[in-house]
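Engineer: Following this line is target.pdb, made up of PDB, C-alpha atoms:
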```pdb
ATOM      1  CA  MET A   1       4.183 -26.970 -23.022
ATOM      2  CA  PRO A   2       1.094 -27.015 -20.750
ATOM      3  CA  ARG A   3      -1.613 -24.408 -21.269
ATOM      4  CA  ASN A   4      -2.107 -21.728 -18.610
ATOM      5  CA  TYR A   5      -5.569 -22.270 -17.099
ATOM      6  CA  GLU A   6      -5.218 -19.548 -14.480
ATOM      7  CA  ASN A   7      -8.362 -17.384 -14.211
ATOM      8  CA  GLN A   8     -10.192 -19.613 -16.707
ATOM      9  CA  SER A   9     -13.478 -21.469 -16.356
ATOM     10  CA  PRO A  10     -12.931 -25.159 -15.568
ATOM     11  CA  THR A  11     -14.605 -25.931 -18.900
ATOM     12  CA  ALA A  12     -12.295 -23.673 -20.948
ATOM     13  CA  PHE A  13     -10.100 -25.020 -23.757
ATOM     14  CA  GLN A  14     -11.757 -28.276 -24.708
ATOM     15  CA  ARG A  15      -9.146 -30.443 -26.436
ATOM     16  CA  ARG A  16     -11.664 -31.906 -28.887
ATOM     17  CA  PRO A  17     -14.364 -29.232 -29.205
ATOM     18  CA  HIS A  18     -16.308 -31.169 -31.855
ATOM     19  CA  LEU A  19     -17.238 -33.676 -29.121
ATOM     20  CA  THR A  20     -18.717 -30.969 -26.858
ATOM     21  CA  ARG A  21     -22.474 -31.106 -26.294
ATOM     22  CA  ASP A  22     -24.941 -28.328 -25.472
ATOM     23  CA  ASP A  23     -26.929 -27.605 -22.302
ATOM     24  CA  GLU A  24     -30.005 -29.495 -23.523
ATOM     25  CA  TRP A  25     -27.926 -32.630 -24.132
ATOM     26  CA  ILE A  26     -26.272 -32.268 -20.706
ATOM     27  CA  ARG A  27     -29.625 -31.933 -18.920
ATOM     28  CA  ALA A  28     -31.008 -35.022 -20.661
ATOM     29  CA  PHE A  29     -27.877 -37.025 -19.883
ATOM     30  CA  ILE A  30     -27.693 -36.242 -16.153
ATOM     31  CA  LYS A  31     -31.395 -36.945 -15.724
ATOM     32  CA  GLU A  32     -30.727 -40.507 -16.871
ATOM     33  CA  ALA A  33     -27.165 -41.213 -15.647
ATOM     34  CA  LYS A  34     -27.183 -43.736 -12.818
ATOM     35  CA  VAL A  35     -23.826 -43.249 -11.073
ATOM     36  CA  GLY A  36     -21.758 -40.147 -10.538
ATOM     37  CA  HIS A  37     -18.342 -39.626  -8.992
ATOM     38  CA  ILE A  38     -18.078 -36.723  -6.572
ATOM     39  CA  ALA A  39     -14.659 -35.112  -6.241
ATOM     40  CA  THR A  40     -13.863 -33.406  -2.949
ATOM     41  CA  SER A  41     -10.585 -32.454  -1.337
ATOM     42  CA  PHE A  42      -9.056 -31.945   2.061
ATOM     43  CA  ASN A  43      -5.846 -29.954   2.305
ATOM     44  CA  ASP A  44      -3.900 -31.143  -0.734
ATOM     45  CA  GLN A  45      -5.496 -34.612  -0.912
ATOM     46  CA  PRO A  46      -8.257 -35.183  -3.523
ATOM     47  CA  PHE A  47     -10.948 -37.813  -2.937
ATOM     48  CA  LEU A  48     -13.258 -39.396  -5.512
ATOM     49  CA  THR A  49     -16.399 -41.182  -4.361
ATOM     50  CA  PRO A  50     -19.094 -42.942  -6.400
ATOM     51  CA  THR A  51     -22.636 -41.831  -5.596
ATOM     52  CA  ILE A  52     -26.186 -41.745  -6.823
ATOM     53  CA  PHE A  53     -27.458 -38.261  -7.600
ATOM     54  CA  TRP A  54     -30.437 -36.259  -8.839
ATOM     55  CA  TYR A  55     -30.513 -33.171 -11.015
ATOM     56  CA  ASP A  56     -32.978 -30.715  -9.469
ATOM     57  CA  GLU A  57     -33.711 -28.833 -12.672
ATOM     58  CA  GLU A  58     -35.959 -26.242 -11.017
ATOM     59  CA  ASN A  59     -33.061 -25.002  -8.868
ATOM     60  CA  HIS A  60     -30.221 -25.948 -11.287
ATOM     61  CA  GLN A  61     -28.470 -28.026  -8.647
ATOM     62  CA  VAL A  62     -27.387 -31.610  -8.089
ATOM     63  CA  ILE A  63     -28.506 -33.485  -4.994
ATOM     64  CA  PHE A  64     -26.664 -36.401  -3.393
ATOM     65  CA  HIS A  65     -26.210 -37.807   0.093
ATOM     66  CA  SER A  66     -23.688 -39.501   2.355
ATOM     67  CA  ASN A  67     -23.345 -40.632   5.924
ATOM     68  CA  VAL A  68     -23.611 -37.853   8.495
ATOM     69  CA  ALA A  69     -20.097 -38.570   9.769
ATOM     70  CA  GLY A  70     -17.699 -39.394   6.989
ATOM     71  CA  ARG A  71     -15.024 -38.222   4.614
ATOM     72  CA  ILE A  72     -17.366 -36.450   2.160
ATOM     73  CA  ARG A  73     -19.026 -34.401   4.911
ATOM     74  CA  SER A  74     -15.691 -33.503   6.475
ATOM     75  CA  ASN A  75     -14.182 -32.550   3.116
ATOM     76  CA  ILE A  76     -17.139 -30.369   2.103
ATOM     77  CA  GLU A  77     -17.173 -28.603   5.459
ATOM     78  CA  SER A  78     -13.484 -27.832   4.898
ATOM     79  CA  ASN A  79     -13.737 -26.996   1.170
ATOM     80  CA  PRO A  80     -17.184 -26.778  -0.477
ATOM     81  CA  LYS A  81     -15.759 -26.578  -4.039
ATOM     82  CA  VAL A  82     -16.570 -29.893  -5.731
ATOM     83  CA  SER A  83     -17.027 -31.520  -9.088
ATOM     84  CA  LEU A  84     -19.212 -34.402 -10.165
ATOM     85  CA  GLU A  85     -18.649 -36.662 -13.161
ATOM     86  CA  ALA A  86     -21.099 -39.101 -14.732
ATOM     87  CA  SER A  87     -20.356 -41.216 -17.768
ATOM     88  CA  GLU A  88     -21.529 -44.015 -19.987
ATOM     89  CA  LEU A  89     -18.961 -46.237 -21.645
ATOM     90  CA  GLY A  90     -19.340 -48.101 -24.922
ATOM     91  CA  LYS A  91     -16.964 -50.340 -26.824
ATOM     92  CA  LEU A  92     -13.202 -50.146 -27.145
ATOM     93  CA  LEU A  93     -11.986 -48.661 -30.441
ATOM     94  CA  PRO A  94      -8.729 -50.131 -31.805
ATOM     95  CA  SER A  95      -6.515 -48.294 -34.269
ATOM     96  CA  ASN A  96      -3.387 -48.924 -36.294
ATOM     97  CA  VAL A  97      -1.817 -45.862 -34.590
ATOM     98  CA  ALA A  98      -0.986 -46.048 -30.874
ATOM     99  CA  LEU A  99      -2.242 -42.545 -30.017
ATOM    100  CA  GLU A 100      -5.606 -43.103 -31.732
ATOM    101  CA  PHE A 101      -6.803 -46.078 -29.629
ATOM    102  CA  SER A 102     -10.026 -44.904 -28.026
ATOM    103  CA  LEU A 103     -13.276 -45.717 -26.264
ATOM    104  CA  GLN A 104     -16.857 -44.782 -26.974
ATOM    105  CA  PHE A 105     -18.121 -42.557 -24.172
ATOM    106  CA  ARG A 106     -20.685 -40.002 -23.123
ATOM    107  CA  SER A 107     -19.901 -37.868 -20.102
ATOM    108  CA  VAL A 108     -20.798 -34.789 -18.112
ATOM    109  CA  VAL A 109     -18.594 -32.966 -15.617
ATOM    110  CA  ILE A 110     -20.202 -30.480 -13.223
ATOM    111  CA  PHE A 111     -18.296 -27.853 -11.220
ATOM    112  CA  GLY A 112     -19.814 -26.053  -8.278
ATOM    113  CA  THR A 113     -20.125 -25.350  -4.608
ATOM    114  CA  ALA A 114     -21.768 -27.881  -2.287
ATOM    115  CA  ARG A 115     -23.850 -26.983   0.711
ATOM    116  CA  ILE A 116     -25.245 -29.227   3.388
ATOM    117  CA  ILE A 117     -29.022 -29.042   3.466
ATOM    118  CA  SER A 118     -29.908 -28.533   7.116
ATOM    119  CA  ASP A 119     -33.608 -27.626   6.891
ATOM    120  CA  PRO A 120     -35.536 -30.900   7.515
ATOM    121  CA  ALA A 121     -38.373 -30.035   5.108
ATOM    122  CA  GLU A 122     -35.947 -29.206   2.296
ATOM    123  CA  ALA A 123     -33.843 -32.291   3.076
ATOM    124  CA  ARG A 124     -36.910 -34.555   2.846
ATOM    125  CA  LYS A 125     -37.995 -32.954  -0.424
ATOM    126  CA  MET A 126     -34.516 -33.443  -1.930
ATOM    127  CA  LEU A 127     -34.264 -37.066  -0.746
ATOM    128  CA  TYR A 128     -37.685 -37.848  -2.208
ATOM    129  CA  GLY A 129     -36.524 -36.283  -5.489
ATOM    130  CA  LEU A 130     -33.427 -38.489  -5.411
ATOM    131  CA  ILE A 131     -35.488 -41.622  -4.727
ATOM    132  CA  SER A 132     -37.947 -40.692  -7.499
ATOM    133  CA  LYS A 133     -35.138 -40.566 -10.066
ATOM    134  CA  TYR A 134     -34.240 -44.207  -9.448
ATOM    135  CA  PHE A 135     -37.653 -45.577  -8.430
ATOM    136  CA  PRO A 136     -40.220 -43.361 -10.204
ATOM    137  CA  LYS A 137     -43.125 -45.769  -9.721
ATOM    138  CA  MET A 138     -42.731 -46.034  -5.934
ATOM    139  CA  THR A 139     -44.445 -43.664  -3.490
ATOM    140  CA  ALA A 140     -43.505 -42.791   0.084
ATOM    141  CA  GLY A 141     -46.167 -43.965   2.503
ATOM    142  CA  ARG A 142     -47.369 -46.613   0.065
ATOM    143  CA  GLU A 143     -44.491 -48.820  -1.173
ATOM    144  CA  TYR A 144     -41.971 -47.630   1.384
ATOM    145  CA  ARG A 145     -41.998 -45.934   4.779
ATOM    146  CA  GLU A 146     -41.708 -42.152   4.744
ATOM    147  CA  ILE A 147     -38.367 -40.675   5.799
ATOM    148  CA  THR A 148     -38.144 -40.454   9.579
ATOM    149  CA  ASP A 149     -36.449 -37.786  11.697
ATOM    150  CA  LYS A 150     -33.987 -40.423  12.906
ATOM    151  CA  GLU A 151     -33.028 -41.268   9.298
ATOM    152  CA  LEU A 152     -32.548 -37.570   8.497
ATOM    153  CA  ARG A 153     -30.200 -37.200  11.474
ATOM    154  CA  ALA A 154     -28.122 -40.153  10.182
ATOM    155  CA  THR A 155     -27.487 -38.750   6.705
ATOM    156  CA  SER A 156     -26.083 -35.651   5.084
ATOM    157  CA  ILE A 157     -27.926 -34.275   2.075
ATOM    158  CA  TYR A 158     -25.993 -31.970  -0.252
ATOM    159  CA  ALA A 159     -26.933 -29.565  -3.000
ATOM    160  CA  ILE A 160     -24.275 -28.640  -5.536
ATOM    161  CA  LYS A 161     -24.947 -25.203  -6.978
ATOM    162  CA  ILE A 162     -23.896 -25.689 -10.601
ATOM    163  CA  GLU A 163     -21.436 -23.003 -11.645
ATOM    164  CA  ALA A 164     -20.217 -24.650 -14.867
ATOM    165  CA  TRP A 165     -20.700 -27.914 -16.699
ATOM    166  CA  SER A 166     -19.544 -29.612 -19.835
ATOM    167  CA  GLY A 167     -20.750 -32.570 -21.810
ATOM    168  CA  LYS A 168     -18.889 -34.703 -24.320
ATOM    169  CA  GLU A 169     -19.859 -37.563 -26.562
ATOM    170  CA  ASN A 170     -17.539 -39.756 -28.605
ATOM    171  CA  TRP A 171     -19.669 -42.556 -30.012
ATOM    172  CA  ASP A 172     -17.839 -43.125 -33.288
ATOM    173  CA  GLU A 173     -17.943 -46.680 -34.592
ATOM    174  CA  ARG A 174     -14.205 -46.655 -35.280
ATOM    175  CA  ALA A 175     -11.123 -44.804 -34.079
ATOM    176  CA  GLU A 176      -8.975 -42.827 -36.506
ATOM    177  CA  GLN A 177      -6.736 -44.999 -38.698
ATOM    178  CA  SER A 178      -3.593 -44.057 -40.606
ATOM    179  CA  ASP A 179      -2.843 -44.780 -44.238
ATOM    180  CA  GLU A 180       0.854 -44.869 -43.237
ATOM    181  CA  TRP A 181       0.428 -48.324 -41.671
ATOM    182  CA  PRO A 182      -1.337 -51.527 -42.772
ATOM    183  CA  VAL A 183      -5.093 -51.469 -42.232
ATOM    184  CA  LEU A 184      -6.325 -53.480 -39.226
ATOM    185  CA  GLU A 185      -8.048 -56.777 -39.964
ATOM    186  CA  GLU A 186     -11.826 -56.851 -39.394
ATOM    187  CA  LYS A 187     -11.413 -59.262 -36.452
ATOM    188  CA  TRP A 188     -10.213 -56.320 -34.333
ATOM    189  CA  PHE A 189     -13.542 -54.549 -34.787
ATOM    190  CA  GLU A 190     -15.773 -57.436 -33.712
TER     191      GLU A 190
END
```
Starting from the file, give its structure as structure tokens.
Structural biologist:
Amino acid sequence: MPRNYENQSPTAFQRRPHLTRDDEWIRAFIKEAKVGHIATSFNDQPFLTPTIFWYDEENHQVIFHSNVAGRIRSNIESNPKVSLEASELGKLLPSNVALEFSLQFRSVVIFGTARIISDPAEARKMLYGLISKYFPKMTAGREYREITDKELRATSIYAIKIEAWSGKENWDERAEQSDEWPVLEEKWFE
């Protein structure tokens, strides 16, 4: 029977709590993660979109951007509640029990409310923070042209106020095996 999640935090009732990681681990992970998937919705239709993102630690928010006229912008204007997922995948983990097949992974899921950054000075600052995450050795005005007003008008910059987050890590070398079935040959672990 499914659990009742009504009036619970989106991070409540972790199925495998021993895999849960603390805030320090989550911060370190999202500072390094390269791709996130932003979940938005419109009416009853969910949408999932890959994106680059930056964790603005000072303001405990996540910054990302999209085209000024597109599905993400429309969805957020309609419903600002969003989530963002970032993960790193490792190797596949075979087992001699069907329900124990697994995958090495590290992941963070963030829940919050997105807002469109409309102040040009704040938008520039957030975009430069985003660029610095991926290209830390490059400087605006030196290696690349500074952000223009025209470019700002062509993009939407968002800040997700983080309301809850969770981090998990399953990096075991092997999946659970059963002694009720023959042991897998080593070739399956190569």
Engineer: Quick one: apply the PyMOL selection byres ((chain A and resi 93) around 8) to the file and drop the selected residues here as a list in words.
Structural biologist: Lys91, Leu92, Pro94, Ser95, Phe101, Ser102, Leu103, Gln104, Glu173, Arg174, Ala175 and Phe189 of chain A
Engineer: Would you pick out the contacts of Thr51 in chain A at 7 Å or less, using only C-alpha atoms, so that residues sharing its chain but fewer than 6 positions from it are not included, and give the list as an mmCIF file with C-alpha atoms, in the frame of the given file?
Structural biologist:
```cif
data_model
loop_
_atom_site.group_PDB
_atom_site.id
_atom_site.type_symbol
_atom_site.label_atom_id
_atom_site.label_comp_id
_atom_site.auth_asym_id
_atom_site.auth_seq_id
_atom_site.Cartn_x
_atom_site.Cartn_y
_atom_site.Cartn_z
ATOM 1 C CA VAL A 35 -23.826 -43.249 -11.073
ATOM 2 C CA GLY A 36 -21.758 -40.147 -10.538
ATOM 3 C CA HIS A 37 -18.342 -39.626 -8.992
ATOM 4 C CA ILE A 38 -18.078 -36.723 -6.572
#
```
Engineer: Find the residues near Ile30 in chain A: any atom within 10 Å, counting all atoms listed in the file, skip ones fewer than 4 places away on the same chain, and give them as a list in words.
Structural biologist: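 My reading of the contact set: Trp25, Ile26, Lys34, Val35, Gly36, Phe53, Trp54, Tyr55, Val62, Glu85, Ala86, Ser87, Ser107, Val108, Val109, Ile110 and Gly167 of chain A.
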Engineer: If you apply the PyMOL selection byres ((chain A and resi 68-72) around 6) to this file, what residues do you get, as a compact mmCIF listing (two decimals) with C-alpha atoms, keeping the file's coordinate frame?
Structural biologist:
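Written out: expr_27.txt:
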```
# COMPACT_ATOMS: atom_id res chain seq x y z
CA ASN A 67 -23.34 -40.63 5.92
CA ARG A 73 -19.03 -34.40 4.91
CA SER A 74 -15.69 -33.50 6.48
CA ASN A 75 -14.18 -32.55 3.12
CA ALA A 154 -28.12 -40.15 10.18
CA THR A 155 -27.49 -38.75 6.70
CA SER A 156 -26.08 -35.65 5.08
```
Engineer: What does the distance from CA of Lys81 in chain A to CA of Phe135 in chain A come to in Å, to one decimal?
Structural biologist: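 Going from CA of Lys81 in chain A over to CA of Phe135 in chain A covers 29.3 Å.
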Engineer: Quick one, how far is CA of Ile76 in chain A from CA of Ala39 in chain A?
Structural biologist: 9.9 Å
Engineer: Give me, as a tab-separated table, each residue of range 21-106 of chain A that comes within 7 Å of range 176-186 of chain A, together with its shortest interatomic pair and the distance in Å at one decimal, counting all atoms listed in the file, with rows ordered by chain and rising residue number.
Structural biologist:
```
residue	atom	partner	partner_atom	distance
A:Ser95	CA	A:Gln177	CA	5.5
A:Asn96	CA	A:Gln177	CA	5.7
A:Val97	CA	A:Gln177	CA	6.5
A:Glu100	CA	A:Glu176	CA	5.8
```
Engineer: For Asn79 in chain A, which residue out of A:Gln45, A:Thr40, A:Ser66, A:Thr148 is the nearest one, using all atoms listed in the file?
Structural biologist: A:Thr40
Engineer: Interatomic distance between CA of Asn7 in chain A and CA of Glu163 in chain A?
Structural biologist: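 About the pair CA of Asn7 in chain A and CA of Glu163 in chain A: they are 14.5 Å apart.
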Engineer: Evaluating the PyMOL selection byres ((chain A and resi 63) around 10) on the displayed file yields which residues, as a PyMOL selection string?
Structural biologist: chain A and resi 52-56+60-62+64-65+114-117+123+126-127+129-130+157-161
